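J.: One structure coming up, written as structure tokens, with questions to follow.
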Amino acid sequence: MSDLHALADTVAVVCLLLGSLLCLTAGLGLVRFPDVLTRMHAGTKPQVLGVLLIMVGGAIRLQGWSATWMLLLVAVFQMMTAPVSAHMISRVAYRRRHVRRDLLLVDELGAGHREAGTPHGDEPADAATARGARGPAGYGQGSLG
Amino acid sequence: MTLVFVLAYIMLGGGALLALVRLARGPSLLDRVVATDTLLVIIAAGLAVHAALQRDPTLVPVLVVVSLLAFVGSVSVARYIGGMLRRSPGDGQDAGLPAAAQQREEAAR
């Protein structure tokens, strides 16, 4: 039985150390990478894999069902909310020219030739332009950006 | 076990310090948002590592709050910047610089 405990402790400590290492690499990537999208690529490493590893390690070490359920809740929240916030930030970053376009290999958003004045999204300002420029019929066109 | 403590805290602290460097230096608001998001995740990870290494489940509810706070903060700032987007010339994909940055560029020219 004590062998089993020692094994569980070892697994937990390895998970915790790997998660901490991912946090360090996220900091390094944030400082060294050139623009918002690549910094976000570095910053999301601990947001998903790091948090999952640390939650697994914590659940093994804490040995109580209430703590385990709460750690599971944190992991599920993180996996649900990380894509949403990353999508919103990257979309705004692309439109705000915070992306180094010379470093992009594929630029699918820039490739489509659209007519001027097309509403380009679901932002509040876009709703105003759509209503002013072309009426409610303008909704739904070019909203993929 | 002490070695594990020291290693984990050094790595977490280094990551948090580097995220703070980006938070201070970041040229745009979005860089700071990304840095804040990462910093909050690192803080949550540090709390979880502390709770796990001490076998002390008191801090675990704080983790839920911190992870929700990171999401709400980054989404609200992204919506705020998105609300500042105005109608742009061209194909509608390039919203241009913020007004203050535009003025700074024109003044520098």
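Chains: A, B, ... in order of the structure tokens. Residues: from 1 per chain. Ligands: from 1, in order shown.
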Skipping near chain neighbours, those fewer than 2 positions away, what residues fall within 12 Å of Pro83 (chain A) using only C-alpha atoms, listed as an mmCIF file with N, CA, C and O atoms, in the first residue's frame?
T.:
data_model
loop_
_atom_site.group_PDB
_atom_site.id
_atom_site.type_symbol
_atom_site.label_atom_id
_atom_site.label_comp_id
_atom_site.auth_asym_id
_atom_site.auth_seq_id
_atom_site.Cartn_x
_atom_site.Cartn_y
_atom_site.Cartn_z
ATOM 1 N N MET A 40 0.107 34.906 -28.296
ATOM 2 C CA MET A 40 -1.049 34.157 -27.799
ATOM 3 C C MET A 40 -0.815 32.656 -27.923
ATOM 4 O O MET A 40 -1.225 31.879 -27.059
ATOM 5 N N HIS A 41 -0.120 32.277 -28.997
ATOM 6 C CA HIS A 41 0.233 30.862 -29.152
ATOM 7 C C HIS A 41 1.069 30.387 -27.962
ATOM 8 O O HIS A 41 0.848 29.304 -27.432
ATOM 9 N N THR A 44 -1.101 30.354 -24.534
ATOM 10 C CA THR A 44 -2.161 29.366 -24.311
ATOM 11 C C THR A 44 -1.606 28.002 -23.957
ATOM 12 O O THR A 44 -2.400 27.101 -23.709
ATOM 13 N N GLN A 47 -2.525 27.536 -20.482
ATOM 14 C CA GLN A 47 -3.964 27.683 -20.281
ATOM 15 C C GLN A 47 -4.697 26.370 -20.434
ATOM 16 O O GLN A 47 -5.734 26.182 -19.816
ATOM 17 N N VAL A 48 -4.221 25.485 -21.281
ATOM 18 C CA VAL A 48 -4.913 24.213 -21.457
ATOM 19 C C VAL A 48 -4.097 23.058 -20.859
ATOM 20 O O VAL A 48 -4.483 22.464 -19.861
ATOM 21 N N PHE A 77 -13.933 24.562 -17.046
ATOM 22 C CA PHE A 77 -14.084 25.987 -17.333
ATOM 23 C C PHE A 77 -12.971 26.465 -18.250
ATOM 24 O O PHE A 77 -13.211 27.169 -19.234
ATOM 25 N N GLN A 78 -11.763 26.089 -17.916
ATOM 26 C CA GLN A 78 -10.624 26.557 -18.688
ATOM 27 C C GLN A 78 -10.715 26.067 -20.126
ATOM 28 O O GLN A 78 -10.483 26.826 -21.071
ATOM 29 N N MET A 79 -11.094 24.808 -20.315
ATOM 30 C CA MET A 79 -11.161 24.283 -21.672
ATOM 31 C C MET A 79 -12.329 24.873 -22.440
ATOM 32 O O MET A 79 -12.299 24.935 -23.665
ATOM 33 N N MET A 80 -13.379 25.329 -21.736
ATOM 34 C CA MET A 80 -14.487 25.955 -22.463
ATOM 35 C C MET A 80 -14.189 27.403 -22.797
ATOM 36 O O MET A 80 -14.571 27.895 -23.855
ATOM 37 N N THR A 81 -13.511 28.119 -21.893
ATOM 38 C CA THR A 81 -13.380 29.558 -22.081
ATOM 39 C C THR A 81 -12.122 29.958 -22.834
ATOM 40 O O THR A 81 -12.104 31.027 -23.438
ATOM 41 N N SER A 85 -12.074 33.247 -25.632
ATOM 42 C CA SER A 85 -11.324 34.493 -25.458
ATOM 43 C C SER A 85 -10.211 34.592 -26.490
ATOM 44 O O SER A 85 -9.940 35.678 -27.014
ATOM 45 N N ALA A 86 -9.569 33.462 -26.825
ATOM 46 C CA ALA A 86 -8.489 33.518 -27.819
ATOM 47 C C ALA A 86 -9.040 33.922 -29.179
ATOM 48 O O ALA A 86 -8.419 34.717 -29.896
ATOM 49 N N HIS A 87 -10.212 33.426 -29.529
ATOM 50 C CA HIS A 87 -10.808 33.787 -30.809
ATOM 51 C C HIS A 87 -11.126 35.281 -30.861
ATOM 52 O O HIS A 87 -10.828 35.961 -31.846
ATOM 53 N N MET A 88 -11.690 35.808 -29.771
ATOM 54 C CA MET A 88 -12.045 37.226 -29.785
ATOM 55 C C MET A 88 -10.805 38.102 -29.870
ATOM 56 O O MET A 88 -10.751 39.056 -30.663
ATOM 57 N N ILE A 89 -9.774 37.765 -29.090
ATOM 58 C CA ILE A 89 -8.570 38.599 -29.092
ATOM 59 C C ILE A 89 -7.889 38.544 -30.450
ATOM 60 O O ILE A 89 -7.466 39.565 -30.993
ATOM 61 N N SER A 90 -7.820 37.345 -31.048
ATOM 62 C CA SER A 90 -7.101 37.251 -32.318
ATOM 63 C C SER A 90 -7.868 37.946 -33.433
ATOM 64 O O SER A 90 -7.271 38.549 -34.320
ATOM 65 N N ARG A 91 -9.202 37.917 -33.365
ATOM 66 C CA ARG A 91 -9.969 38.593 -34.400
ATOM 67 C C ARG A 91 -9.756 40.103 -34.332
ATOM 68 O O ARG A 91 -9.517 40.760 -35.344
ATOM 69 N N PHE B 71 -11.199 34.786 -17.733
ATOM 70 C CA PHE B 71 -12.053 34.755 -18.932
ATOM 71 C C PHE B 71 -12.843 36.045 -19.075
ATOM 72 O O PHE B 71 -12.860 36.674 -20.146
ATOM 73 N N SER B 74 -10.525 39.140 -20.096
ATOM 74 C CA SER B 74 -10.016 39.215 -21.461
ATOM 75 C C SER B 74 -11.151 39.407 -22.455
ATOM 76 O O SER B 74 -11.012 40.162 -23.418
ATOM 77 N N VAL B 75 -12.291 38.779 -22.216
ATOM 78 C CA VAL B 75 -13.401 38.940 -23.158
ATOM 79 C C VAL B 75 -13.945 40.357 -23.117
ATOM 80 O O VAL B 75 -14.243 40.953 -24.155
#
J.: Find the residues near Phe5 (chain B): any atom within 10 Å, counting only C-alpha atoms, skip ones fewer than 6 places away on the same chain, and give them as a ChimeraX atom specification.
T.: /A:13,16-17 /B:49-50,53-54
J.: Just how far from CA of Leu37 (chain A) is CA of Cys15 (chain A), in Å to one decimal?
T.: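 Spanning CA of Cys15 (chain A) to CA of Leu37 (chain A) is a straight-line distance of 27.6 Å.
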